[in-house]
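Trainee: Enclosed is the structure file target.cif (mmCIF, N, CA and C atoms).
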data_my_file
#
loop_
_atom_site.label_atom_id
_atom_site.label_comp_id
_atom_site.auth_asym_id
_atom_site.auth_seq_id
_atom_site.Cartn_x
_atom_site.Cartn_y
_atom_site.Cartn_z
N MET A 195 -118.95 138.14 -16.98
CA MET A 195 -120.09 139.04 -17.02
C MET A 195 -121.34 138.26 -17.40
N THR A 196 -122.42 138.55 -16.73
CA THR A 196 -123.71 137.97 -17.11
C THR A 196 -124.52 139.04 -17.82
N LEU A 197 -125.40 138.60 -18.71
CA LEU A 197 -126.27 139.52 -19.43
C LEU A 197 -127.55 138.77 -19.76
N LYS A 198 -128.70 139.35 -19.34
CA LYS A 198 -130.00 138.74 -19.61
C LYS A 198 -130.97 139.82 -20.08
N LEU A 199 -131.87 139.45 -20.98
CA LEU A 199 -132.99 140.30 -21.36
C LEU A 199 -134.24 139.67 -20.75
N ILE A 200 -134.96 140.44 -19.94
CA ILE A 200 -136.10 139.91 -19.20
C ILE A 200 -137.33 140.77 -19.50
N PRO A 201 -138.44 140.15 -19.95
CA PRO A 201 -139.68 140.92 -20.12
C PRO A 201 -140.12 141.49 -18.77
N TYR A 202 -140.60 142.74 -18.79
CA TYR A 202 -141.02 143.42 -17.56
C TYR A 202 -142.41 144.00 -17.79
N LEU A 203 -143.38 143.56 -16.99
CA LEU A 203 -144.77 144.01 -17.13
C LEU A 203 -145.06 145.07 -16.08
N VAL A 204 -145.54 146.22 -16.51
CA VAL A 204 -145.92 147.29 -15.59
C VAL A 204 -147.44 147.32 -15.53
N MET A 205 -147.97 147.03 -14.35
CA MET A 205 -149.42 146.91 -14.15
C MET A 205 -149.96 148.17 -13.47
N ASP A 206 -151.27 148.31 -13.46
CA ASP A 206 -151.92 149.48 -12.88
C ASP A 206 -152.68 149.10 -11.61
N GLY A 207 -151.92 148.58 -10.62
CA GLY A 207 -152.54 148.24 -9.34
C GLY A 207 -152.99 146.80 -9.25
N ASN A 208 -152.78 146.00 -10.30
CA ASN A 208 -153.24 144.61 -10.26
C ASN A 208 -152.10 143.61 -10.47
N ALA A 209 -150.87 143.99 -10.13
CA ALA A 209 -149.73 143.09 -10.31
C ALA A 209 -149.86 141.85 -9.44
N ARG A 210 -150.34 142.01 -8.21
CA ARG A 210 -150.50 140.86 -7.32
C ARG A 210 -151.49 139.85 -7.93
N GLU A 211 -152.58 140.37 -8.49
CA GLU A 211 -153.57 139.52 -9.16
C GLU A 211 -152.94 138.82 -10.37
N ALA A 212 -152.12 139.56 -11.13
CA ALA A 212 -151.46 138.97 -12.30
C ALA A 212 -150.50 137.86 -11.88
N ILE A 213 -149.76 138.08 -10.80
CA ILE A 213 -148.83 137.05 -10.31
C ILE A 213 -149.60 135.77 -9.97
N THR A 214 -150.69 135.91 -9.24
CA THR A 214 -151.51 134.75 -8.88
C THR A 214 -152.05 134.06 -10.13
N PHE A 215 -152.50 134.86 -11.09
CA PHE A 215 -153.01 134.32 -12.35
C PHE A 215 -151.92 133.51 -13.08
N TYR A 216 -150.71 134.08 -13.20
CA TYR A 216 -149.63 133.40 -13.90
C TYR A 216 -149.15 132.17 -13.14
N GLN A 217 -149.25 132.19 -11.81
CA GLN A 217 -148.92 130.99 -11.03
C GLN A 217 -149.81 129.83 -11.47
N LYS A 218 -151.09 130.12 -11.60
CA LYS A 218 -152.04 129.07 -11.97
C LYS A 218 -151.98 128.75 -13.46
N ALA A 219 -152.01 129.76 -14.29
CA ALA A 219 -152.09 129.55 -15.74
C ALA A 219 -150.79 129.01 -16.33
N LEU A 220 -149.64 129.45 -15.79
CA LEU A 220 -148.36 129.09 -16.39
C LEU A 220 -147.47 128.28 -15.45
N ASN A 221 -148.03 127.87 -14.31
CA ASN A 221 -147.27 127.14 -13.30
C ASN A 221 -146.02 127.93 -12.87
N ALA A 222 -146.18 129.24 -12.73
CA ALA A 222 -145.06 130.11 -12.39
C ALA A 222 -144.69 129.98 -10.91
N GLU A 223 -143.43 130.19 -10.64
CA GLU A 223 -142.91 130.17 -9.28
C GLU A 223 -142.50 131.59 -8.91
N ILE A 224 -142.91 132.06 -7.73
CA ILE A 224 -142.52 133.40 -7.28
C ILE A 224 -141.09 133.33 -6.74
N LEU A 225 -140.19 134.11 -7.35
CA LEU A 225 -138.81 134.17 -6.88
C LEU A 225 -138.61 135.34 -5.91
N PHE A 226 -139.34 136.43 -6.14
CA PHE A 226 -139.21 137.62 -5.30
C PHE A 226 -140.45 138.48 -5.46
N SER A 227 -140.89 139.07 -4.37
CA SER A 227 -142.00 140.02 -4.43
C SER A 227 -141.87 141.00 -3.28
N GLN A 228 -141.99 142.30 -3.58
CA GLN A 228 -141.88 143.35 -2.57
C GLN A 228 -142.92 144.43 -2.88
N SER A 229 -143.60 144.88 -1.84
CA SER A 229 -144.57 145.97 -2.01
C SER A 229 -143.87 147.31 -1.80
N PHE A 230 -144.54 148.38 -2.21
CA PHE A 230 -144.00 149.71 -1.96
C PHE A 230 -143.84 149.95 -0.46
N GLY A 231 -144.76 149.40 0.34
CA GLY A 231 -144.70 149.55 1.79
C GLY A 231 -143.51 148.83 2.42
N GLU A 232 -142.96 147.84 1.74
CA GLU A 232 -141.81 147.09 2.26
C GLU A 232 -140.47 147.70 1.84
N MET A 233 -140.49 148.69 0.98
CA MET A 233 -139.26 149.35 0.54
C MET A 233 -138.69 150.19 1.67
N PRO A 234 -137.37 150.48 1.63
CA PRO A 234 -136.80 151.41 2.62
C PRO A 234 -137.49 152.77 2.51
N GLU A 235 -137.78 153.37 3.65
CA GLU A 235 -138.48 154.66 3.65
C GLU A 235 -137.55 155.78 3.21
N ASN A 236 -138.10 156.70 2.43
CA ASN A 236 -137.39 157.90 2.02
C ASN A 236 -138.26 159.08 2.42
N PRO A 237 -137.82 159.86 3.42
CA PRO A 237 -138.66 160.97 3.90
C PRO A 237 -138.99 162.01 2.83
N GLU A 238 -138.15 162.10 1.80
CA GLU A 238 -138.41 163.06 0.72
C GLU A 238 -139.55 162.59 -0.19
N PHE A 239 -139.79 161.29 -0.21
CA PHE A 239 -140.84 160.71 -1.04
C PHE A 239 -141.66 159.72 -0.22
N PRO A 240 -142.51 160.21 0.68
CA PRO A 240 -143.31 159.30 1.50
C PRO A 240 -144.29 158.49 0.64
N ILE A 241 -144.50 157.26 1.04
CA ILE A 241 -145.40 156.36 0.31
C ILE A 241 -146.83 156.58 0.82
N PRO A 242 -147.75 156.97 -0.04
CA PRO A 242 -149.15 157.12 0.38
C PRO A 242 -149.72 155.78 0.83
N GLU A 243 -150.65 155.81 1.77
CA GLU A 243 -151.26 154.58 2.29
C GLU A 243 -151.83 153.71 1.18
N ASP A 244 -152.47 154.34 0.17
CA ASP A 244 -153.09 153.55 -0.89
C ASP A 244 -152.08 152.91 -1.84
N ALA A 245 -150.78 153.22 -1.67
CA ALA A 245 -149.75 152.63 -2.52
C ALA A 245 -148.98 151.52 -1.82
N LYS A 246 -149.09 151.43 -0.52
CA LYS A 246 -148.23 150.52 0.24
C LYS A 246 -148.42 149.05 -0.12
N GLU A 247 -149.60 148.66 -0.56
CA GLU A 247 -149.84 147.26 -0.92
C GLU A 247 -149.54 146.96 -2.38
N ARG A 248 -149.31 148.00 -3.18
CA ARG A 248 -148.97 147.77 -4.58
C ARG A 248 -147.59 147.12 -4.68
N VAL A 249 -147.37 146.36 -5.72
CA VAL A 249 -146.11 145.65 -5.93
C VAL A 249 -145.07 146.62 -6.51
N SER A 250 -143.97 146.81 -5.78
CA SER A 250 -142.90 147.66 -6.30
C SER A 250 -141.99 146.87 -7.24
N HIS A 251 -141.85 145.56 -6.97
CA HIS A 251 -141.07 144.70 -7.86
C HIS A 251 -141.33 143.25 -7.52
N ALA A 252 -141.46 142.44 -8.55
CA ALA A 252 -141.60 140.99 -8.37
C ALA A 252 -140.93 140.28 -9.53
N THR A 253 -140.40 139.11 -9.25
CA THR A 253 -139.83 138.25 -10.28
C THR A 253 -140.47 136.88 -10.14
N ILE A 254 -141.00 136.38 -11.24
CA ILE A 254 -141.54 135.02 -11.25
C ILE A 254 -140.77 134.23 -12.30
N LYS A 255 -140.80 132.91 -12.16
CA LYS A 255 -140.12 132.05 -13.11
C LYS A 255 -141.16 131.17 -13.79
N VAL A 256 -141.15 131.21 -15.11
CA VAL A 256 -142.04 130.39 -15.92
C VAL A 256 -141.14 129.47 -16.73
N GLY A 257 -141.13 128.20 -16.38
CA GLY A 257 -140.19 127.28 -17.02
C GLY A 257 -138.77 127.72 -16.71
N GLU A 258 -138.00 128.01 -17.75
CA GLU A 258 -136.62 128.47 -17.57
C GLU A 258 -136.49 129.99 -17.69
N THR A 259 -137.61 130.69 -17.86
CA THR A 259 -137.58 132.12 -18.13
C THR A 259 -138.10 132.93 -16.95
N GLU A 260 -137.42 134.03 -16.68
CA GLU A 260 -137.90 134.95 -15.65
C GLU A 260 -138.81 136.00 -16.29
N LEU A 261 -139.78 136.45 -15.51
CA LEU A 261 -140.68 137.52 -15.90
C LEU A 261 -140.76 138.46 -14.71
N MET A 262 -140.57 139.75 -14.93
CA MET A 262 -140.63 140.72 -13.86
C MET A 262 -141.91 141.53 -13.97
N LEU A 263 -142.44 141.96 -12.82
CA LEU A 263 -143.67 142.74 -12.77
C LEU A 263 -143.57 143.82 -11.70
N SER A 264 -144.32 144.87 -11.89
CA SER A 264 -144.52 145.88 -10.84
C SER A 264 -145.82 146.61 -11.14
N ASP A 265 -146.28 147.34 -10.14
CA ASP A 265 -147.41 148.25 -10.32
C ASP A 265 -146.86 149.65 -10.54
N THR A 266 -147.65 150.48 -11.19
CA THR A 266 -147.31 151.89 -11.25
C THR A 266 -147.51 152.47 -9.86
N PHE A 267 -146.82 153.56 -9.60
CA PHE A 267 -147.03 154.31 -8.38
C PHE A 267 -148.32 155.11 -8.58
N PRO A 268 -149.20 155.19 -7.58
CA PRO A 268 -150.45 155.94 -7.78
C PRO A 268 -150.19 157.34 -8.34
N GLY A 269 -150.96 157.66 -9.36
CA GLY A 269 -150.81 158.97 -10.00
C GLY A 269 -149.93 158.94 -11.23
N GLN A 270 -149.13 157.87 -11.40
CA GLN A 270 -148.32 157.76 -12.60
C GLN A 270 -149.20 157.27 -13.74
N PRO A 271 -148.95 157.75 -14.94
CA PRO A 271 -149.77 157.30 -16.07
C PRO A 271 -149.52 155.84 -16.40
N HIS A 272 -150.55 155.17 -16.85
CA HIS A 272 -150.45 153.78 -17.29
C HIS A 272 -151.25 153.66 -18.57
N THR A 273 -150.60 153.22 -19.63
CA THR A 273 -151.25 153.10 -20.92
C THR A 273 -151.18 151.66 -21.38
N SER A 274 -152.34 151.05 -21.60
CA SER A 274 -152.35 149.69 -22.12
C SER A 274 -151.63 149.68 -23.46
N GLY A 275 -150.84 148.64 -23.65
CA GLY A 275 -150.06 148.52 -24.87
C GLY A 275 -148.62 148.95 -24.70
N THR A 276 -148.34 149.75 -23.67
CA THR A 276 -146.96 150.18 -23.41
C THR A 276 -146.47 149.64 -22.07
N GLN A 277 -147.22 148.72 -21.49
CA GLN A 277 -146.84 148.23 -20.17
C GLN A 277 -145.77 147.15 -20.20
N VAL A 278 -145.34 146.71 -21.38
CA VAL A 278 -144.28 145.71 -21.47
C VAL A 278 -142.98 146.42 -21.81
N THR A 279 -141.97 146.25 -20.96
CA THR A 279 -140.65 146.78 -21.22
C THR A 279 -139.67 145.61 -21.22
N ILE A 280 -138.43 145.89 -21.57
CA ILE A 280 -137.39 144.87 -21.51
C ILE A 280 -136.38 145.30 -20.47
N CYS A 281 -136.13 144.44 -19.51
CA CYS A 281 -135.13 144.70 -18.49
C CYS A 281 -133.83 144.05 -18.93
N ILE A 282 -132.80 144.86 -19.10
CA ILE A 282 -131.46 144.34 -19.40
C ILE A 282 -130.75 144.22 -18.06
N SER A 283 -130.41 143.01 -17.69
CA SER A 283 -129.79 142.75 -16.40
C SER A 283 -128.36 142.26 -16.61
N THR A 284 -127.42 142.92 -15.93
CA THR A 284 -126.01 142.54 -16.02
C THR A 284 -125.36 142.73 -14.66
N ASP A 285 -124.22 142.13 -14.46
CA ASP A 285 -123.49 142.31 -13.20
C ASP A 285 -122.31 143.25 -13.38
N ASP A 286 -122.27 143.97 -14.49
CA ASP A 286 -121.15 144.85 -14.84
C ASP A 286 -121.66 146.29 -15.01
N ALA A 287 -121.36 147.15 -14.03
CA ALA A 287 -121.87 148.53 -14.05
C ALA A 287 -121.35 149.30 -15.27
N GLU A 288 -120.12 149.06 -15.68
CA GLU A 288 -119.59 149.76 -16.85
C GLU A 288 -120.35 149.34 -18.11
N LYS A 289 -120.68 148.06 -18.22
CA LYS A 289 -121.46 147.58 -19.37
C LYS A 289 -122.86 148.22 -19.33
N SER A 290 -123.43 148.35 -18.14
CA SER A 290 -124.72 149.03 -18.00
C SER A 290 -124.65 150.45 -18.54
N ARG A 291 -123.58 151.17 -18.17
CA ARG A 291 -123.41 152.55 -18.64
C ARG A 291 -123.30 152.59 -20.17
N GLN A 292 -122.51 151.68 -20.73
CA GLN A 292 -122.33 151.65 -22.18
C GLN A 292 -123.65 151.41 -22.90
N MET A 293 -124.42 150.41 -22.43
CA MET A 293 -125.69 150.09 -23.08
C MET A 293 -126.68 151.23 -22.91
N PHE A 294 -126.76 151.83 -21.70
CA PHE A 294 -127.67 152.94 -21.45
C PHE A 294 -127.35 154.10 -22.39
N ASN A 295 -126.06 154.47 -22.47
CA ASN A 295 -125.66 155.59 -23.32
C ASN A 295 -125.93 155.32 -24.79
N ALA A 296 -125.77 154.07 -25.22
CA ALA A 296 -126.05 153.73 -26.61
C ALA A 296 -127.56 153.79 -26.89
N LEU A 297 -128.37 153.27 -25.97
CA LEU A 297 -129.82 153.24 -26.18
C LEU A 297 -130.45 154.64 -26.13
N LYS A 298 -129.85 155.57 -25.39
CA LYS A 298 -130.46 156.90 -25.26
C LYS A 298 -130.20 157.79 -26.48
N GLN A 299 -129.30 157.37 -27.39
CA GLN A 299 -129.03 158.16 -28.59
C GLN A 299 -130.32 158.29 -29.41
N ASP A 300 -130.77 159.50 -29.61
CA ASP A 300 -132.01 159.81 -30.33
C ASP A 300 -133.25 159.22 -29.65
N GLY A 301 -133.11 158.83 -28.38
CA GLY A 301 -134.22 158.31 -27.60
C GLY A 301 -134.60 159.27 -26.49
N GLN A 302 -135.23 158.75 -25.45
CA GLN A 302 -135.68 159.59 -24.35
C GLN A 302 -135.38 158.90 -23.02
N VAL A 303 -134.63 159.58 -22.17
CA VAL A 303 -134.30 159.05 -20.84
C VAL A 303 -135.51 159.22 -19.94
N LYS A 304 -135.98 158.11 -19.37
CA LYS A 304 -137.11 158.14 -18.42
C LYS A 304 -136.59 158.31 -17.00
N MET A 305 -135.49 157.64 -16.67
CA MET A 305 -134.82 157.78 -15.38
C MET A 305 -133.32 157.66 -15.65
N PRO A 306 -132.54 158.69 -15.29
CA PRO A 306 -131.09 158.61 -15.54
C PRO A 306 -130.48 157.40 -14.85
N LEU A 307 -129.43 156.86 -15.44
CA LEU A 307 -128.71 155.74 -14.83
C LEU A 307 -128.07 156.24 -13.55
N GLN A 308 -128.41 155.59 -12.43
CA GLN A 308 -127.94 156.06 -11.13
C GLN A 308 -127.96 154.94 -10.11
N GLU A 309 -127.26 155.16 -9.00
CA GLU A 309 -127.29 154.21 -7.91
C GLU A 309 -128.63 154.32 -7.19
N THR A 310 -129.22 153.18 -6.85
CA THR A 310 -130.47 153.14 -6.10
C THR A 310 -130.27 152.18 -4.92
N PHE A 311 -131.27 152.06 -4.07
CA PHE A 311 -131.14 151.15 -2.94
C PHE A 311 -131.08 149.69 -3.39
N PHE A 312 -131.52 149.41 -4.62
CA PHE A 312 -131.56 148.03 -5.10
C PHE A 312 -130.54 147.72 -6.19
N SER A 313 -129.79 148.71 -6.65
CA SER A 313 -128.85 148.49 -7.75
C SER A 313 -127.75 149.55 -7.74
N PRO A 314 -126.51 149.15 -8.05
CA PRO A 314 -125.45 150.15 -8.16
C PRO A 314 -125.58 151.03 -9.40
N ALA A 315 -126.34 150.59 -10.39
CA ALA A 315 -126.57 151.39 -11.60
C ALA A 315 -127.89 150.94 -12.23
N TYR A 316 -128.92 151.79 -12.11
CA TYR A 316 -130.23 151.49 -12.66
C TYR A 316 -130.77 152.73 -13.36
N GLY A 317 -131.42 152.51 -14.50
CA GLY A 317 -132.07 153.61 -15.21
C GLY A 317 -133.03 153.05 -16.23
N SER A 318 -133.83 153.94 -16.82
CA SER A 318 -134.75 153.50 -17.87
C SER A 318 -134.73 154.50 -19.02
N VAL A 319 -134.90 153.96 -20.20
CA VAL A 319 -134.79 154.76 -21.40
C VAL A 319 -135.70 154.17 -22.48
N THR A 320 -136.27 155.04 -23.30
CA THR A 320 -137.01 154.61 -24.48
C THR A 320 -136.11 154.91 -25.67
N ASP A 321 -135.82 153.89 -26.46
CA ASP A 321 -134.90 154.10 -27.58
C ASP A 321 -135.60 154.81 -28.74
N LYS A 322 -134.85 155.08 -29.78
CA LYS A 322 -135.39 155.85 -30.91
C LYS A 322 -136.49 155.12 -31.66
N PHE A 323 -136.68 153.83 -31.37
CA PHE A 323 -137.74 153.05 -32.01
C PHE A 323 -138.98 152.95 -31.13
N GLY A 324 -138.94 153.59 -29.94
CA GLY A 324 -140.07 153.55 -29.04
C GLY A 324 -140.09 152.34 -28.11
N VAL A 325 -138.99 151.57 -28.07
CA VAL A 325 -138.90 150.41 -27.20
C VAL A 325 -138.36 150.86 -25.83
N CYS A 326 -139.07 150.47 -24.78
CA CYS A 326 -138.69 150.88 -23.42
C CYS A 326 -137.78 149.83 -22.80
N PHE A 327 -136.64 150.28 -22.29
CA PHE A 327 -135.66 149.41 -21.63
C PHE A 327 -135.41 149.89 -20.21
N GLN A 328 -135.26 148.95 -19.30
CA GLN A 328 -134.76 149.21 -17.96
C GLN A 328 -133.37 148.59 -17.91
N ILE A 329 -132.40 149.34 -17.45
CA ILE A 329 -131.04 148.81 -17.30
C ILE A 329 -130.85 148.56 -15.81
N PHE A 330 -130.60 147.30 -15.45
CA PHE A 330 -130.47 146.90 -14.05
C PHE A 330 -129.11 146.24 -13.86
N THR A 331 -128.33 146.77 -12.93
CA THR A 331 -127.04 146.19 -12.60
C THR A 331 -127.19 145.39 -11.31
N GLU A 332 -126.87 144.12 -11.38
CA GLU A 332 -126.95 143.25 -10.21
C GLU A 332 -125.73 143.51 -9.33
N GLY A 333 -125.83 143.15 -8.06
CA GLY A 333 -124.66 143.16 -7.19
C GLY A 333 -124.64 144.30 -6.22
N GLN A 334 -123.48 144.43 -5.60
CA GLN A 334 -123.28 145.40 -4.53
C GLN A 334 -123.17 146.81 -5.09
N HIS A 335 -123.58 147.77 -4.26
CA HIS A 335 -123.42 149.18 -4.63
C HIS A 335 -121.94 149.50 -4.67
N GLN A 336 -121.56 150.35 -5.60
CA GLN A 336 -120.14 150.67 -5.75
C GLN A 336 -119.83 152.04 -5.21
#
How does this structure look as structure tokens?

Mentor:
Amino acid sequence: MTLKLIPYLVMDGNAREAITFYQKALNAEILFSQSFGEMPENPEFPIPEDAKERVSHATIKVGETELMLSDTFPGQPHTSGTQVTICISTDDAEKSRQMFNALKQDGQVKMPLQETFFSPAYGSVTDKFGVCFQIFTEGQHQ
């Protein structure tokens, strides 16, 4: 089983600019970047034109450390000071469930742990201390 804690920055429409900045300032390498417009289409949730260029997810590498970034979806609230979350990444869906269930005790579920197009088990939760976590399961959908 692998397990990593990765800082995750949620930006308000300027994630692409931040990635370019970190490339120069920190000699970061882009490992992955995808816009909302490049995501698989879901007819129930169409992507507005003004959101298609926003970053839905990116991973950069700074030295030996990964840093993840995304933009908010237009209309979602963005508060400076709360844009840093911790992404817990593992390749074990059962471990993801255990950690998610433990973190949600006396906390607040932002997105229930569920299968998505990018993960067999993904969810987000704010724990009882106000720390925001994203639980990401690597690998194939189960």

Trainee: Once the PyMOL selection byres ((chain A and resi 301) around 7) has been applied to the shown file, what residues remain in the selection, as a short mmCIF file (atom, residue, chain, number, x, y, z; two decimals) with N, CA and C atoms, in the frame of the given file?

Mentor:
data_model
loop_
_atom_site.label_atom_id
_atom_site.label_comp_id
_atom_site.auth_asym_id
_atom_site.auth_seq_id
_atom_site.Cartn_x
_atom_site.Cartn_y
_atom_site.Cartn_z
N LEU A 297 -128.37 153.27 -25.97
CA LEU A 297 -129.82 153.24 -26.18
C LEU A 297 -130.45 154.64 -26.13
N LYS A 298 -129.85 155.57 -25.39
CA LYS A 298 -130.46 156.90 -25.26
C LYS A 298 -130.20 157.79 -26.48
N GLN A 299 -129.30 157.37 -27.39
CA GLN A 299 -129.03 158.16 -28.59
C GLN A 299 -130.32 158.29 -29.41
N ASP A 300 -130.77 159.50 -29.61
CA ASP A 300 -132.01 159.81 -30.33
C ASP A 300 -133.25 159.22 -29.65
N GLN A 302 -135.23 158.75 -25.45
CA GLN A 302 -135.68 159.59 -24.35
C GLN A 302 -135.38 158.90 -23.02
N VAL A 303 -134.63 159.58 -22.17
CA VAL A 303 -134.30 159.05 -20.84
C VAL A 303 -135.51 159.22 -19.94
N VAL A 319 -134.90 153.96 -20.20
CA VAL A 319 -134.79 154.76 -21.40
C VAL A 319 -135.70 154.17 -22.48
N THR A 320 -136.27 155.04 -23.30
CA THR A 320 -137.01 154.61 -24.48
C THR A 320 -136.11 154.91 -25.67
N ASP A 321 -135.82 153.89 -26.46
CA ASP A 321 -134.90 154.10 -27.58
C ASP A 321 -135.60 154.81 -28.74
N LYS A 322 -134.85 155.08 -29.78
CA LYS A 322 -135.39 155.85 -30.91
C LYS A 322 -136.49 155.12 -31.66
N PHE A 323 -136.68 153.83 -31.37
CA PHE A 323 -137.74 153.05 -32.01
C PHE A 323 -138.98 152.95 -31.13
#

Trainee: With only N, CA and C atoms as the basis for distance, which of A:Met205, A:Met305, A:Met233, A:Met293 is at the shortest distance from Gln277 of chain A?

Mentor: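 For Gln277 of chain A, the nearest of the candidates is A:Met205.
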
Trainee: Please tell me which residues are no farther than 7 Å from (-141.7, 154.5, -6.9) in the file, counting only N, CA and C atoms, and write them as an NGL selection string.

Mentor: :A and (250 or 266-267)

Trainee: For N, CA and C atoms, I'd like the residues from the last selection saved as a PDB file, in the coordinates of the input.

Mentor:
ATOM      1  N   SER A 250    -143.970 146.810  -5.780  1.00  0.00           N
ATOM      2  CA  SER A 250    -142.900 147.660  -6.300  1.00  0.00           C
ATOM      3  C   SER A 250    -141.990 146.870  -7.240  1.00  0.00           C
ATOM      4  N   THR A 266    -147.650 150.480 -11.190  1.00  0.00           N
ATOM      5  CA  THR A 266    -147.310 151.890 -11.250  1.00  0.00           C
ATOM      6  C   THR A 266    -147.510 152.470  -9.860  1.00  0.00           C
ATOM      7  N   PHE A 267    -146.820 153.560  -9.600  1.00  0.00           N
ATOM      8  CA  PHE A 267    -147.030 154.310  -8.380  1.00  0.00           C
ATOM      9  C   PHE A 267    -148.320 155.110  -8.580  1.00  0.00           C
TER      10      PHE A 267
END

Trainee: Need to verify the contact set: segment 217-228 of chain A, 12 Å, only C-alpha atoms, exclusion of same-chain residues closer than 3 positions in sequence. Can you return it as JSON, numbers by chain?

Mentor: {"A": [209, 210, 211, 212, 213, 214, 231, 232, 233, 234, 246, 247, 248, 249, 250, 251, 252, 253, 254, 255, 256, 257, 258, 259, 260, 261, 262, 263, 264, 265, 312]}

Trainee: Fewer than 6 positions away in the same chain doesn't count, so skip those; otherwise give me all residues within 7 Å of Gly333 of chain A, counting all atoms listed in the file, as a PyMOL selection string.

Mentor: chain A and resi 284-285+312-314

Trainee: Separation of atom CA of Gly324 of chain A and atom CA of Pro201 of chain A, in Å?

Mentor: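 A separation of 15.5 Å between them.
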
Trainee: Tell me, in Å to one decimal, how far atom CA of Glu309 of chain A is from atom N of Ala245 of chain A.

Mentor: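 According to the coordinates, atom CA of Glu309 of chain A and atom N of Ala245 of chain A are separated by 24.3 Å.
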
Trainee: Report as a PyMOL selection string: the residues of segment 203-316 of chain A with a DSSP assignment of alpha helix (DSSP H), based on the backbone of this structure.

Mentor: chain A and resi 209-220+287-297

Trainee: Dump N, CA and C atoms for the selected residues as a CSV table (one decimal), in the coordinates of the input?

Mentor:
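Output (result05.csv):
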chain,number,residue,atom,x,y,z
A,209,ALA,N,-150.9,144.0,-10.1
A,209,ALA,CA,-149.7,143.1,-10.3
A,209,ALA,C,-149.9,141.8,-9.4
A,210,ARG,N,-150.3,142.0,-8.2
A,210,ARG,CA,-150.5,140.9,-7.3
A,210,ARG,C,-151.5,139.8,-7.9
A,211,GLU,N,-152.6,140.4,-8.5
A,211,GLU,CA,-153.6,139.5,-9.2
A,211,GLU,C,-152.9,138.8,-10.4
A,212,ALA,N,-152.1,139.6,-11.1
A,212,ALA,CA,-151.5,139.0,-12.3
A,212,ALA,C,-150.5,137.9,-11.9
A,213,ILE,N,-149.8,138.1,-10.8
A,213,ILE,CA,-148.8,137.0,-10.3
A,213,ILE,C,-149.6,135.8,-10.0
A,214,THR,N,-150.7,135.9,-9.2
A,214,THR,CA,-151.5,134.8,-8.9
A,214,THR,C,-152.0,134.1,-10.1
A,215,PHE,N,-152.5,134.9,-11.1
A,215,PHE,CA,-153.0,134.3,-12.4
A,215,PHE,C,-151.9,133.5,-13.1
A,216,TYR,N,-150.7,134.1,-13.2
A,216,TYR,CA,-149.6,133.4,-13.9
A,216,TYR,C,-149.2,132.2,-13.1
A,217,GLN,N,-149.2,132.2,-11.8
A,217,GLN,CA,-148.9,131.0,-11.0
A,217,GLN,C,-149.8,129.8,-11.5
A,218,LYS,N,-151.1,130.1,-11.6
A,218,LYS,CA,-152.0,129.1,-12.0
A,218,LYS,C,-152.0,128.8,-13.5
A,219,ALA,N,-152.0,129.8,-14.3
A,219,ALA,CA,-152.1,129.6,-15.7
A,219,ALA,C,-150.8,129.0,-16.3
A,220,LEU,N,-149.6,129.4,-15.8
A,220,LEU,CA,-148.4,129.1,-16.4
A,220,LEU,C,-147.5,128.3,-15.4
A,287,ALA,N,-121.4,147.2,-14.0
A,287,ALA,CA,-121.9,148.5,-14.0
A,287,ALA,C,-121.4,149.3,-15.3
A,288,GLU,N,-120.1,149.1,-15.7
A,288,GLU,CA,-119.6,149.8,-16.8
A,288,GLU,C,-120.4,149.3,-18.1
A,289,LYS,N,-120.7,148.1,-18.2
A,289,LYS,CA,-121.5,147.6,-19.4
A,289,LYS,C,-122.9,148.2,-19.3
A,290,SER,N,-123.4,148.4,-18.1
A,290,SER,CA,-124.7,149.0,-18.0
A,290,SER,C,-124.6,150.4,-18.5
A,291,ARG,N,-123.6,151.2,-18.2
A,291,ARG,CA,-123.4,152.6,-18.6
A,291,ARG,C,-123.3,152.6,-20.2
A,292,GLN,N,-122.5,151.7,-20.7
A,292,GLN,CA,-122.3,151.6,-22.2
A,292,GLN,C,-123.6,151.4,-22.9
A,293,MET,N,-124.4,150.4,-22.4
A,293,MET,CA,-125.7,150.1,-23.1
A,293,MET,C,-126.7,151.2,-22.9
A,294,PHE,N,-126.8,151.8,-21.7
A,294,PHE,CA,-127.7,152.9,-21.4
A,294,PHE,C,-127.4,154.1,-22.4
A,295,ASN,N,-126.1,154.5,-22.5
A,295,ASN,CA,-125.7,155.6,-23.3
A,295,ASN,C,-125.9,155.3,-24.8
A,296,ALA,N,-125.8,154.1,-25.2
A,296,ALA,CA,-126.0,153.7,-26.6
A,296,ALA,C,-127.6,153.8,-26.9
A,297,LEU,N,-128.4,153.3,-26.0
A,297,LEU,CA,-129.8,153.2,-26.2
A,297,LEU,C,-130.4,154.6,-26.1

Trainee: Hey, what does DSSP flag as strand (DSSP E) within segment 204-330 of chain A? Can you give it to me as an MDAnalysis selection string?

Mentor: chainID A and resid 204:205 223:229 249:256 259:265 278:284 302:310 313:320 326:330

Trainee: Of the candidates A:Phe311, A:Cys326, A:Phe230, A:Gly207, which one gets nearest to Ile282 of chain A if we count all atoms listed in the file?

Mentor: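 Looking at the shortest contact to Ile282 of chain A, the residue is A:Cys326.
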
Trainee: Report the distance between atom C of Phe327 of chain A and atom C of Pro237 of chain A in Å, rounded to one decimal place.

Mentor: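 Distance reported for this atom pair: 26.3 Å.
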
Trainee: Have a look at A:Thr196, A:Lys304, A:Phe330, A:Gly269 and name the one nearest to Ser318 of chain A; count only N, CA and C atoms.

Mentor: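 The closest residue to Ser318 of chain A is A:Lys304.
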
Trainee: From the options A:Pro306, A:Asn236, A:Asn208, A:Gln328, which residue's atoms come nearest to Ile280 of chain A, counting only N, CA and C atoms?

Mentor: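 Of A:Pro306, A:Asn236, A:Asn208, A:Gln328, the one nearest Ile280 of chain A, counting only N, CA and C atoms, is A:Gln328.
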
Trainee: Take every atom of segment 236-247 of chain A listed in the file, pad by 3 Å on each side, and give me the axis-aligned box centre and edge lengths in Å, one decimal, as AutoDock Vina command-line options.

Mentor:
--center_x -145.2 --center_y 155.0 --center_z 0.7 --size_x 21.7 --size_y 22.1 --size_z 12.4
